[in-house]
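Have a look at my_file29.cif; it's mmCIF, C-alpha atoms:
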data_model
loop_
_atom_site.group_PDB
_atom_site.id
_atom_site.type_symbol
_atom_site.label_atom_id
_atom_site.label_comp_id
_atom_site.auth_asym_id
_atom_site.auth_seq_id
_atom_site.Cartn_x
_atom_site.Cartn_y
_atom_site.Cartn_z
ATOM 1 C CA MET I 999 2.357 143.454 116.310
ATOM 2 C CA THR I 1000 1.562 140.668 113.895
ATOM 3 C CA LEU I 1001 2.972 137.336 114.952
ATOM 4 C CA VAL I 1002 4.940 135.165 112.574
ATOM 5 C CA GLU I 1003 2.869 132.332 111.234
ATOM 6 C CA PRO I 1004 4.066 128.717 111.497
ATOM 7 C CA ALA I 1005 7.022 127.708 109.432
ATOM 8 C CA THR I 1006 5.128 124.831 107.909
ATOM 9 C CA GLN I 1007 4.198 127.261 105.151
ATOM 10 C CA SER I 1008 7.784 128.310 104.369
ATOM 11 C CA VAL I 1009 8.904 127.946 100.770
ATOM 12 C CA PRO I 1010 12.058 125.813 100.479
ATOM 13 C CA VAL I 1011 13.306 127.694 97.448
ATOM 14 C CA ILE I 1012 16.995 127.620 98.307
ATOM 15 C CA GLY I 1013 17.105 123.967 99.162
ATOM 16 C CA LEU I 1014 15.103 122.950 96.094
ATOM 17 C CA VAL I 1015 17.328 124.924 93.780
ATOM 18 C CA GLN I 1016 20.518 123.555 95.360
ATOM 19 C CA ALA I 1017 19.294 119.960 95.402
ATOM 20 C CA SER I 1018 18.085 120.224 91.807
ATOM 21 C CA ALA I 1019 21.398 121.694 90.678
ATOM 22 C CA ALA I 1020 23.354 118.970 92.451
ATOM 23 C CA SER I 1021 21.279 116.267 90.801
ATOM 24 C CA GLY I 1022 21.657 117.824 87.357
ATOM 25 C CA VAL I 1023 18.076 119.051 87.092
ATOM 26 C CA GLN I 1024 17.689 122.701 86.122
ATOM 27 C CA ALA I 1025 15.331 124.752 88.284
ATOM 28 C CA SER I 1026 12.141 125.797 86.512
ATOM 29 C CA PRO I 1027 11.463 129.468 85.713
ATOM 30 C CA ALA I 1028 8.646 129.419 88.265
ATOM 31 C CA SER I 1029 11.086 128.303 90.956
ATOM 32 C CA ARG I 1030 13.505 131.020 89.980
ATOM 33 C CA ARG I 1031 10.744 133.620 90.069
ATOM 34 C CA SER I 1032 9.557 132.426 93.471
ATOM 35 C CA ALA I 1033 13.073 132.951 94.812
ATOM 36 C CA TRP I 1034 12.715 136.652 94.096
ATOM 37 C CA GLN I 1035 9.033 137.135 94.854
ATOM 38 C CA PHE I 1036 9.741 138.299 98.432
ATOM 39 C CA THR I 1037 10.632 141.935 97.869
ATOM 40 C CA LEU I 1038 10.219 144.919 100.111
ATOM 41 C CA LEU I 1039 8.146 146.883 97.580
ATOM 42 C CA PRO I 1040 4.812 145.065 98.151
ATOM 43 C CA ALA I 1041 5.142 145.571 101.884
ATOM 44 C CA LEU I 1042 5.925 149.241 101.436
ATOM 45 C CA ARG I 1043 2.685 149.689 99.511
ATOM 46 C CA HIS I 1044 0.702 148.109 102.332
ATOM 47 C CA HIS I 1045 2.773 149.567 105.188
ATOM 48 C CA PRO I 1046 3.579 153.230 104.556
ATOM 49 C CA LEU I 1047 4.381 153.533 108.255
ATOM 50 C CA ALA I 1048 7.313 151.185 107.651
ATOM 51 C CA VAL I 1049 8.842 153.798 105.322
ATOM 52 C CA LEU I 1050 8.528 156.475 107.991
ATOM 53 C CA ALA I 1051 9.891 154.048 110.580
ATOM 54 C CA ALA I 1052 12.898 153.291 108.392
ATOM 55 C CA LEU I 1053 13.611 157.008 107.988
ATOM 56 C CA ILE I 1054 13.419 157.543 111.747
ATOM 57 C CA LEU I 1055 15.733 154.606 112.327
ATOM 58 C CA VAL I 1056 18.209 155.951 109.777
ATOM 59 C CA VAL I 1057 18.257 159.303 111.596
ATOM 60 C CA VAL I 1058 18.855 157.562 114.941
ATOM 61 C CA VAL I 1059 21.658 155.432 113.510
ATOM 62 C CA LEU I 1060 23.329 158.418 111.847
ATOM 63 C CA ALA I 1061 23.070 160.405 115.066
ATOM 64 C CA GLY I 1062 24.735 157.584 116.987
ATOM 65 C CA VAL I 1063 27.482 157.064 114.415
ATOM 66 C CA LEU I 1064 28.232 160.781 114.025
ATOM 67 C CA ALA I 1065 27.967 161.596 117.746
ATOM 68 C CA PRO I 1066 31.745 162.028 118.259
ATOM 69 C CA VAL I 1067 31.850 164.359 115.249
ATOM 70 C CA LEU I 1068 28.756 166.390 116.066
ATOM 71 C CA PHE I 1069 29.554 166.729 119.772
ATOM 72 C CA PRO I 1070 33.244 165.933 120.360
ATOM 73 C CA ARG I 1071 33.095 167.218 123.933
ATOM 74 C CA ASP I 1072 32.194 164.852 126.756
ATOM 75 C CA PRO I 1073 28.354 164.835 126.834
ATOM 76 C CA MET I 1074 28.453 164.668 130.635
ATOM 77 C CA SER I 1075 30.394 167.927 130.957
ATOM 78 C CA ILE I 1076 28.697 171.072 132.267
ATOM 79 C CA VAL I 1077 28.378 173.634 129.469
ATOM 80 C CA ALA I 1078 25.703 176.121 130.610
ATOM 81 C CA ASP I 1079 23.284 177.069 133.335
ATOM 82 C CA PRO I 1080 20.958 174.336 134.568
ATOM 83 C CA PHE I 1081 17.288 174.046 133.578
ATOM 84 C CA ILE I 1082 17.460 175.898 130.271
ATOM 85 C CA TRP I 1083 14.205 174.995 128.546
ATOM 86 C CA PRO I 1084 14.150 173.692 124.943
ATOM 87 C CA GLY I 1085 14.015 176.427 122.338
ATOM 88 C CA THR I 1086 15.302 179.095 124.698
ATOM 89 C CA GLU I 1087 18.905 179.272 123.459
ATOM 90 C CA ILE I 1088 20.192 178.507 119.979
ATOM 91 C CA SER I 1089 23.420 177.038 121.341
ATOM 92 C CA HIS I 1090 21.399 174.490 123.314
ATOM 93 C CA PRO I 1091 18.260 173.802 121.247
ATOM 94 C CA LEU I 1092 16.980 171.031 123.537
ATOM 95 C CA GLY I 1093 17.971 172.851 126.709
ATOM 96 C CA THR I 1094 20.052 171.640 129.633
ATOM 97 C CA ASP I 1095 19.459 169.312 132.557
ATOM 98 C CA ALA I 1096 19.719 169.900 136.299
ATOM 99 C CA LEU I 1097 23.538 170.032 136.130
ATOM 100 C CA GLY I 1098 23.791 172.247 133.061
ATOM 101 C CA ARG I 1099 24.623 169.483 130.582
ATOM 102 C CA ASP I 1100 23.502 169.864 126.967
ATOM 103 C CA LEU I 1101 20.510 167.565 126.395
ATOM 104 C CA LEU I 1102 21.070 167.383 122.636
ATOM 105 C CA ALA I 1103 24.646 166.164 123.134
ATOM 106 C CA GLU I 1104 23.433 163.628 125.695
ATOM 107 C CA LEU I 1105 20.632 162.492 123.387
ATOM 108 C CA VAL I 1106 22.966 161.928 120.425
ATOM 109 C CA HIS I 1107 25.606 160.113 122.460
ATOM 110 C CA GLY I 1108 22.838 158.159 124.188
ATOM 111 C CA ALA I 1109 21.632 156.961 120.786
ATOM 112 C CA ALA I 1110 25.063 155.441 120.151
ATOM 113 C CA ILE I 1111 25.028 153.588 123.487
ATOM 114 C CA SER I 1112 21.445 152.361 123.170
ATOM 115 C CA LEU I 1113 21.966 151.116 119.614
ATOM 116 C CA GLN I 1114 25.268 149.511 120.566
ATOM 117 C CA VAL I 1115 23.639 147.576 123.402
ATOM 118 C CA GLY I 1116 20.606 146.665 121.291
ATOM 119 C CA ILE I 1117 22.584 145.372 118.327
ATOM 120 C CA LEU I 1118 25.275 143.597 120.354
ATOM 121 C CA ALA I 1119 22.738 141.887 122.620
ATOM 122 C CA THR I 1120 20.694 140.802 119.604
ATOM 123 C CA VAL I 1121 23.714 139.419 117.742
ATOM 124 C CA VAL I 1122 24.863 137.375 120.755
ATOM 125 C CA GLY I 1123 21.313 136.231 121.516
ATOM 126 C CA LEU I 1124 20.757 135.228 117.889
ATOM 127 C CA ALA I 1125 24.015 133.306 117.681
ATOM 128 C CA LEU I 1126 23.277 131.394 120.872
ATOM 129 C CA GLY I 1127 19.579 130.840 120.193
ATOM 130 C CA VAL I 1128 19.955 129.805 116.558
ATOM 131 C CA ALA I 1129 22.805 127.402 117.355
ATOM 132 C CA ILE I 1130 20.943 125.642 120.166
ATOM 133 C CA GLY I 1131 17.595 125.664 118.375
ATOM 134 C CA ALA I 1132 19.105 124.353 115.137
ATOM 135 C CA ILE I 1133 20.881 121.461 116.840
ATOM 136 C CA ALA I 1134 17.776 120.539 118.839
ATOM 137 C CA GLY I 1135 15.420 120.714 115.879
ATOM 138 C CA TYR I 1136 17.663 118.944 113.391
ATOM 139 C CA PHE I 1137 18.852 115.979 115.421
ATOM 140 C CA GLY I 1138 15.747 115.465 117.565
ATOM 141 C CA GLY I 1139 15.627 112.541 119.998
ATOM 142 C CA TRP I 1140 17.552 112.838 123.237
ATOM 143 C CA VAL I 1141 19.482 115.838 121.926
ATOM 144 C CA ASP I 1142 16.228 117.704 121.399
ATOM 145 C CA ALA I 1143 14.895 116.627 124.792
ATOM 146 C CA LEU I 1144 18.037 117.775 126.601
ATOM 147 C CA LEU I 1145 18.289 121.138 124.866
ATOM 148 C CA SER I 1146 14.547 121.742 125.212
ATOM 149 C CA ARG I 1147 14.872 121.309 128.981
ATOM 150 C CA LEU I 1148 17.728 123.823 128.934
ATOM 151 C CA ILE I 1149 15.599 126.319 127.012
ATOM 152 C CA GLU I 1150 12.694 125.819 129.416
ATOM 153 C CA LEU I 1151 15.015 126.306 132.384
ATOM 154 C CA PHE I 1152 15.947 129.776 131.154
ATOM 155 C CA GLN I 1153 12.394 130.617 130.130
ATOM 156 C CA ILE I 1154 10.883 129.997 133.554
ATOM 157 C CA LEU I 1155 13.188 132.640 135.044
ATOM 158 C CA PRO I 1156 11.694 136.169 135.046
ATOM 159 C CA SER I 1157 13.704 137.930 132.356
ATOM 160 C CA PHE I 1158 13.963 141.399 133.818
ATOM 161 C CA VAL I 1159 14.447 140.189 137.393
ATOM 162 C CA THR I 1160 17.267 137.939 136.207
ATOM 163 C CA LEU I 1161 18.799 140.855 134.327
ATOM 164 C CA VAL I 1162 18.651 143.071 137.420
ATOM 165 C CA VAL I 1163 20.302 140.358 139.535
ATOM 166 C CA ILE I 1164 23.108 139.857 137.008
ATOM 167 C CA MET I 1165 23.803 143.582 136.783
ATOM 168 C CA ALA I 1166 23.685 143.961 140.576
ATOM 169 C CA ILE I 1167 26.392 141.350 141.153
ATOM 170 C CA THR I 1168 28.677 142.310 138.239
ATOM 171 C CA LYS I 1169 30.657 145.397 137.339
ATOM 172 C CA PRO I 1170 28.415 147.573 135.140
ATOM 173 C CA SER I 1171 29.706 148.025 131.608
ATOM 174 C CA ILE I 1172 28.293 148.044 128.100
ATOM 175 C CA PRO I 1173 29.666 144.574 127.151
ATOM 176 C CA ILE I 1174 28.406 143.042 130.411
ATOM 177 C CA LEU I 1175 24.973 144.632 129.970
ATOM 178 C CA SER I 1176 24.748 143.453 126.358
ATOM 179 C CA LEU I 1177 25.764 139.919 127.310
ATOM 180 C CA SER I 1178 23.279 139.905 130.199
ATOM 181 C CA ILE I 1179 20.420 140.951 127.917
ATOM 182 C CA ALA I 1180 21.429 138.244 125.438
ATOM 183 C CA ILE I 1181 21.345 135.645 128.228
ATOM 184 C CA VAL I 1182 17.726 136.455 129.100
ATOM 185 C CA THR I 1183 16.492 136.779 125.492
ATOM 186 C CA TRP I 1184 18.096 133.868 123.615
ATOM 187 C CA PRO I 1185 15.460 131.231 124.616
ATOM 188 C CA THR I 1186 12.826 132.969 122.473
ATOM 189 C CA ILE I 1187 14.867 132.680 119.295
ATOM 190 C CA ALA I 1188 15.970 129.166 120.248
ATOM 191 C CA ARG I 1189 12.373 127.914 120.473
ATOM 192 C CA LEU I 1190 11.507 129.572 117.171
ATOM 193 C CA THR I 1191 14.547 128.082 115.421
ATOM 194 C CA ARG I 1192 13.816 124.638 116.860
ATOM 195 C CA THR I 1193 10.245 124.768 115.563
ATOM 196 C CA GLU I 1194 11.408 125.826 112.103
ATOM 197 C CA PHE I 1195 14.013 123.057 111.900
ATOM 198 C CA LEU I 1196 11.547 120.400 113.086
ATOM 199 C CA SER I 1197 9.210 121.415 110.282
ATOM 200 C CA ILE I 1198 11.740 121.768 107.473
ATOM 201 C CA ARG I 1199 13.990 118.755 108.177
ATOM 202 C CA GLU I 1200 11.370 116.285 106.859
ATOM 203 C CA LYS I 1201 10.684 118.066 103.581
ATOM 204 C CA GLU I 1202 11.517 116.494 100.252
ATOM 205 C CA PHE I 1203 14.448 118.716 99.339
ATOM 206 C CA ILE I 1204 16.157 117.808 102.636
ATOM 207 C CA MET I 1205 15.605 114.109 101.878
ATOM 208 C CA ALA I 1206 17.145 114.729 98.474
ATOM 209 C CA ALA I 1207 20.147 116.438 100.053
ATOM 210 C CA ARG I 1208 20.657 113.467 102.380
ATOM 211 C CA GLY I 1209 20.403 111.126 99.437
ATOM 212 C CA LEU I 1210 23.129 113.071 97.682
ATOM 213 C CA GLY I 1211 25.416 112.459 100.657
ATOM 214 C CA TYR I 1212 25.429 115.935 102.154
ATOM 215 C CA GLY I 1213 26.834 116.116 105.683
ATOM 216 C CA HIS I 1214 24.932 117.359 108.700
ATOM 217 C CA ALA I 1215 26.732 120.716 108.764
ATOM 218 C CA ARG I 1216 25.998 121.408 105.087
ATOM 219 C CA ILE I 1217 22.331 120.473 105.441
ATOM 220 C CA ILE I 1218 21.913 122.648 108.542
ATOM 221 C CA LEU I 1219 23.770 125.711 107.242
ATOM 222 C CA ALA I 1220 23.084 125.598 103.502
ATOM 223 C CA GLU I 1221 19.708 123.886 103.224
ATOM 224 C CA ILE I 1222 17.555 124.339 106.339
ATOM 225 C CA LEU I 1223 18.832 127.575 107.878
ATOM 226 C CA PRO I 1224 18.260 129.795 104.791
ATOM 227 C CA ASN I 1225 14.643 128.616 104.658
ATOM 228 C CA ALA I 1226 14.202 129.196 108.403
ATOM 229 C CA LEU I 1227 15.584 132.737 108.274
ATOM 230 C CA PRO I 1228 12.406 134.760 107.510
ATOM 231 C CA PRO I 1229 10.751 134.438 110.955
ATOM 232 C CA ILE I 1230 14.162 134.676 112.624
ATOM 233 C CA ILE I 1231 14.861 137.987 110.874
ATOM 234 C CA VAL I 1232 11.482 139.357 111.950
ATOM 235 C CA THR I 1233 12.069 138.298 115.538
ATOM 236 C CA ALA I 1234 15.576 139.786 115.494
ATOM 237 C CA SER I 1235 14.219 143.265 114.746
ATOM 238 C CA VAL I 1236 11.875 142.958 117.720
ATOM 239 C CA MET I 1237 14.776 141.743 119.871
ATOM 240 C CA VAL I 1238 16.701 144.943 119.126
ATOM 241 C CA ALA I 1239 13.767 147.020 120.348
ATOM 242 C CA SER I 1240 13.420 144.857 123.471
ATOM 243 C CA ALA I 1241 17.139 145.144 124.204
ATOM 244 C CA ILE I 1242 16.972 148.944 123.942
ATOM 245 C CA LEU I 1243 14.034 149.007 126.349
ATOM 246 C CA MET I 1244 15.833 146.698 128.791
ATOM 247 C CA GLU I 1245 18.972 148.829 128.668
ATOM 248 C CA SER I 1246 16.909 151.939 129.328
ATOM 249 C CA ALA I 1247 15.199 150.313 132.306
ATOM 250 C CA ILE I 1248 18.501 149.099 133.772
ATOM 251 C CA SER I 1249 20.106 152.535 133.348
ATOM 252 C CA PHE I 1250 17.019 154.192 134.821
ATOM 253 C CA LEU I 1251 17.483 152.058 137.938
ATOM 254 C CA GLY I 1252 21.115 153.168 138.189
ATOM 255 C CA LEU I 1253 22.545 149.717 137.406
ATOM 256 C CA GLY I 1254 24.087 150.669 134.083
ATOM 257 C CA ASP I 1255 27.527 152.023 133.285
ATOM 258 C CA ALA I 1256 27.844 155.359 135.115
ATOM 259 C CA ASN I 1257 30.696 156.447 132.833
ATOM 260 C CA VAL I 1258 28.503 156.712 129.736
ATOM 261 C CA VAL I 1259 25.252 158.489 129.008
ATOM 262 C CA SER I 1260 22.249 156.582 127.689
ATOM 263 C CA TRP I 1261 18.601 157.388 127.203
ATOM 264 C CA GLY I 1262 17.685 155.429 130.303
ATOM 265 C CA SER I 1263 20.216 157.241 132.473
ATOM 266 C CA MET I 1264 18.910 160.581 131.168
ATOM 267 C CA ILE I 1265 15.397 159.664 132.294
ATOM 268 C CA GLY I 1266 16.735 158.463 135.634
ATOM 269 C CA ALA I 1267 18.616 161.719 136.174
ATOM 270 C CA GLY I 1268 15.542 163.813 135.442
ATOM 271 C CA ARG I 1269 12.894 161.866 137.353
ATOM 272 C CA GLU I 1270 13.299 164.105 140.428
ATOM 273 C CA TYR I 1271 12.337 167.153 138.363
ATOM 274 C CA LEU I 1272 9.230 165.844 136.614
ATOM 275 C CA ARG I 1273 7.037 168.631 137.984
ATOM 276 C CA SER I 1274 9.404 171.533 137.402
ATOM 277 C CA ALA I 1275 11.388 170.376 134.322
ATOM 278 C CA TRP I 1276 9.507 167.488 132.739
ATOM 279 C CA TYR I 1277 11.316 167.935 129.404
ATOM 280 C CA ILE I 1278 14.462 166.315 130.871
ATOM 281 C CA CYS I 1279 12.646 162.981 130.985
ATOM 282 C CA ALA I 1280 10.323 163.576 128.030
ATOM 283 C CA ILE I 1281 13.038 164.110 125.402
ATOM 284 C CA PRO I 1282 14.892 160.789 125.894
ATOM 285 C CA GLY I 1283 11.548 159.105 126.567
ATOM 286 C CA PHE I 1284 10.257 160.121 123.133
ATOM 287 C CA ALA I 1285 13.537 158.950 121.581
ATOM 288 C CA ILE I 1286 13.082 155.496 123.125
ATOM 289 C CA MET I 1287 9.421 155.368 122.102
ATOM 290 C CA PHE I 1288 9.996 156.346 118.474
ATOM 291 C CA THR I 1289 12.974 153.999 118.091
ATOM 292 C CA ALA I 1290 11.094 151.020 119.545
ATOM 293 C CA LEU I 1291 7.988 151.769 117.465
ATOM 294 C CA SER I 1292 10.095 152.107 114.319
ATOM 295 C CA LEU I 1293 11.671 148.704 114.873
ATOM 296 C CA ASN I 1294 8.242 147.157 115.450
ATOM 297 C CA PHE I 1295 6.795 148.717 112.288
ATOM 298 C CA ILE I 1296 9.778 147.433 110.327
ATOM 299 C CA ALA I 1297 9.233 143.983 111.835
ATOM 300 C CA ASP I 1298 5.606 144.097 110.647
ATOM 301 C CA ALA I 1299 6.743 145.004 107.136
ATOM 302 C CA LEU I 1300 9.330 142.222 107.111
ATOM 303 C CA ASN I 1301 6.696 139.774 108.285
ATOM 304 C CA GLU I 1302 4.482 140.905 105.412
ATOM 305 C CA VAL I 1303 7.316 140.362 102.942
ATOM 306 C CA LEU I 1304 8.737 137.110 104.250
ATOM 307 C CA ASN I 1305 5.500 135.314 105.137
ATOM 308 C CA PRO I 1306 4.397 133.220 102.119
ATOM 309 C CA ARG I 1307 0.717 133.171 103.135
ATOM 310 C CA LYS I 1308 0.522 136.942 103.192
ATOM 311 C CA ALA I 1309 2.507 137.180 99.973
ATOM 312 C CA GLU I 1310 -0.085 134.963 98.299
ATOM 313 C CA ARG I 1311 -2.938 137.101 99.627
ATOM 314 C CA ARG I 1312 -1.236 140.220 98.260
ATOM 315 C CA ALA I 1313 -0.855 138.551 94.882
#
Spit out the file's structure as structure tokens when you get a sec.
Amino acid sequence: MTLVEPATQSVPVIGLVQASAASGVQASPASRRSAWQFTLLPALRHHPLAVLAALILVVVVLAGVLAPVLFPRDPMSIVADPFIWPGTEISHPLGTDALGRDLLAELVHGAAISLQVGILATVVGLALGVAIGAIAGYFGGWVDALLSRLIELFQILPSFVTLVVIMAITKPSIPILSLSIAIVTWPTIARLTRTEFLSIREKEFIMAARGLGYGHARIILAEILPNALPPIIVTASVMVASAILMESAISFLGLGDANVVSWGSMIGAGREYLRSAWYICAIPGFAIMFTALSLNFIADALNEVLNPRKAERRA
């Protein structure tokens, strides 16, 4: 996947417009046009896979949201004979597992759990990482040194090993798993946010905002953060995919919530039957693969849209 290029090339459109308005200077038409030049349409022309990825993601989200309506019965209940192969019975189009549970019902309800963990972990990780990175990058000095050491402390710990340890010593549940994933993923977004703030805080429109008497909170939230958002948004989409993969791995190991069904737990339940009924693992495995790939393709498209260098090359 394409990496986000340094924030030194970011276009401080929002800050320039706000600072100009506050000082009584009207923004030029070119500035106003540049504020709208980052649109999804150019990226869609260069990344047709992003369109397909978005459609797949929409299907997954709808399946997760409508799971209680489509399959109101408990997905872990036994509804038929075990080991019914996909396409054999109309009532169970994806077949059944070793216990006679409907794989389609499990897959749809598993989508809800996987997306819930992915989104919740990303939101918590973003909030924590952006807050710490913004404070470190804006104030600098000893504040930056202290928070940078904190970020490095978490980064030297093996992420997945730390996640396994946390889940092994706590009571498995969806909120605990989401929080645990956020704990091991927030340093990445914190370092990115810190780098963006270090670059943007010395630009002219920030100096103008300080000269106008803006407070620290207003400069951070209204001036710097909007201009630092593009790479953060791209990274957030990748974080959702990573969180889904981590949840699947934890559930596969049997450390997830045993009261709910997820794609990882489906793979874990079918691993003993890989030779005789490989479809039990393959179906949720393909769901994980396509969801993660879709999020990565969307991240590539967002990077194409929000990266000024690539926007200039397209123009």
Would you compute the distance between CA of Gly1252 (chain I) and CA of Gly1266 (chain I)? Give it in Å to one decimal.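 For CA of Gly1252 (chain I) relative to CA of Gly1266 (chain I), the distance reads 7.3 Å.
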Under the rule that only C-alpha atoms are counted, which of I:Cys1279, I:Ile1167, I:Ala1048, I:Ile1111 is the nearest residue to Val1258 (chain I)?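 Nearest to Val1258 (chain I): I:Ile1111.
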One number please: CA of Gly1123 (chain I) to CA of Leu1175 (chain I), in Å, one decimal. 12.5 Å
Target residues per the PyMOL selection byres ((chain I and resi 1132) around 8), formatted as an MDAnalysis selection string: chainID I and resid 1128:1131 1133:1136 1188 1191:1192 1195 1218 1223
Looking at all atoms listed in the file, which of I:Leu1097, I:Leu1047, I:Ala1061, I:Leu1210 is the one that sits closest to Ala1267 (chain I)?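 Ranked by minimum distance to Ala1267 (chain I), first place goes to I:Leu1097.
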Explicit residue set for the PyMOL selection byres ((chain I and resi 1241) around 12), as a VMD selection string: chain I and resid 1111 to 1123 1157 to 1158 1161 1175 to 1184 1234 to 1240 1242 to 1248 1262 1286 1289 to 1290 1293
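If all atoms listed in the file are the atoms counted, then among I:Glu1221, I:Asp1100, I:Glu1150, I:Asp1079 the closest residue to Thr1186 (chain I) is I:Glu1150.
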Picked residues, the PyMOL selection byres ((chain I and resi 1090) around 12), expected as a PyMOL selection string: chain I and resi 1069+1077-1089+1091-1095+1098-1104
Among listed residues I:Val1163, I:Leu1251, I:Glu1302, I:Asp1072, nearest His1045 (chain I) (using all atoms listed in the file):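 Ranking I:Val1163, I:Leu1251, I:Glu1302, I:Asp1072 by distance to His1045 (chain I), first place goes to I:Glu1302.
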Quick one: pull the distance between CA of Pro1170 (chain I) and CA of Leu1105 (chain I), Å, one decimal.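 One can read the CA of Pro1170 (chain I) to CA of Leu1105 (chain I) distance as 20.5 Å.
Ranking I:Met1165, I:Val1259, I:Leu1190, I:Ile1222 by their shortest atom-to-atom distance to His1107 (chain I), with only C-alpha atoms included, puts I:Val1259 first.
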Write out as JSON an axis-aligned box for region 1101-1107 of chain I: all of its atoms listed in the file, 3 Å added on each side, centre and edge lengths in Å with one decimal.
{"center_x": 23.1, "center_y": 163.8, "center_z": 123.4, "size_x": 11.1, "size_y": 13.5, "size_z": 12.0}
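Of the residues under consideration (I:Gly1211, I:Pro1185, I:Gly1127, I:Gly1138), I:Pro1185 shows the shortest atom-to-atom contact distance to Gln1153 (chain I) when counting all atoms listed in the file.
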Could you rebuild region 1055-1067 of chain I with N, CA and C atoms and give me the result as an mmCIF file, in the frame of the given file?
data_model
loop_
_atom_site.group_PDB
_atom_site.id
_atom_site.type_symbol
_atom_site.label_atom_id
_atom_site.label_comp_id
_atom_site.auth_asym_id
_atom_site.auth_seq_id
_atom_site.Cartn_x
_atom_site.Cartn_y
_atom_site.Cartn_z
ATOM 1 N N LEU I 1055 14.631 155.462 111.887
ATOM 2 C CA LEU I 1055 15.733 154.606 112.327
ATOM 3 C C LEU I 1055 17.049 155.037 111.693
ATOM 4 N N VAL I 1056 17.002 155.462 110.443
ATOM 5 C CA VAL I 1056 18.209 155.951 109.777
ATOM 6 C C VAL I 1056 18.747 157.192 110.486
ATOM 7 N N VAL I 1057 17.850 158.098 110.875
ATOM 8 C CA VAL I 1057 18.257 159.303 111.596
ATOM 9 C C VAL I 1057 18.907 158.944 112.929
ATOM 10 N N VAL I 1058 18.305 157.977 113.644
ATOM 11 C CA VAL I 1058 18.855 157.562 114.941
ATOM 12 C C VAL I 1058 20.236 156.934 114.761
ATOM 13 N N VAL I 1059 20.370 156.084 113.752
ATOM 14 C CA VAL I 1059 21.658 155.432 113.510
ATOM 15 C C VAL I 1059 22.727 156.458 113.126
ATOM 16 N N LEU I 1060 22.374 157.389 112.245
ATOM 17 C CA LEU I 1060 23.329 158.418 111.847
ATOM 18 C C LEU I 1060 23.732 159.285 113.033
ATOM 19 N N ALA I 1061 22.756 159.601 113.877
ATOM 20 C CA ALA I 1061 23.070 160.405 115.066
ATOM 21 C C ALA I 1061 24.047 159.668 115.969
ATOM 22 N N GLY I 1062 23.828 158.358 116.148
ATOM 23 C CA GLY I 1062 24.735 157.584 116.987
ATOM 24 C C GLY I 1062 26.123 157.452 116.395
ATOM 25 N N VAL I 1063 26.178 157.237 115.080
ATOM 26 C CA VAL I 1063 27.482 157.064 114.415
ATOM 27 C C VAL I 1063 28.264 158.369 114.400
ATOM 28 N N LEU I 1064 27.563 159.476 114.154
ATOM 29 C CA LEU I 1064 28.232 160.781 114.025
ATOM 30 C C LEU I 1064 28.330 161.540 115.339
ATOM 31 N N ALA I 1065 27.936 160.913 116.446
ATOM 32 C CA ALA I 1065 27.967 161.596 117.746
ATOM 33 C C ALA I 1065 29.331 162.175 118.088
ATOM 34 N N PRO I 1066 30.433 161.434 117.920
ATOM 35 C CA PRO I 1066 31.745 162.028 118.259
ATOM 36 C C PRO I 1066 32.118 163.208 117.374
ATOM 37 N N VAL I 1067 31.548 163.252 116.161
ATOM 38 C CA VAL I 1067 31.850 164.359 115.249
ATOM 39 C C VAL I 1067 30.973 165.561 115.558
#
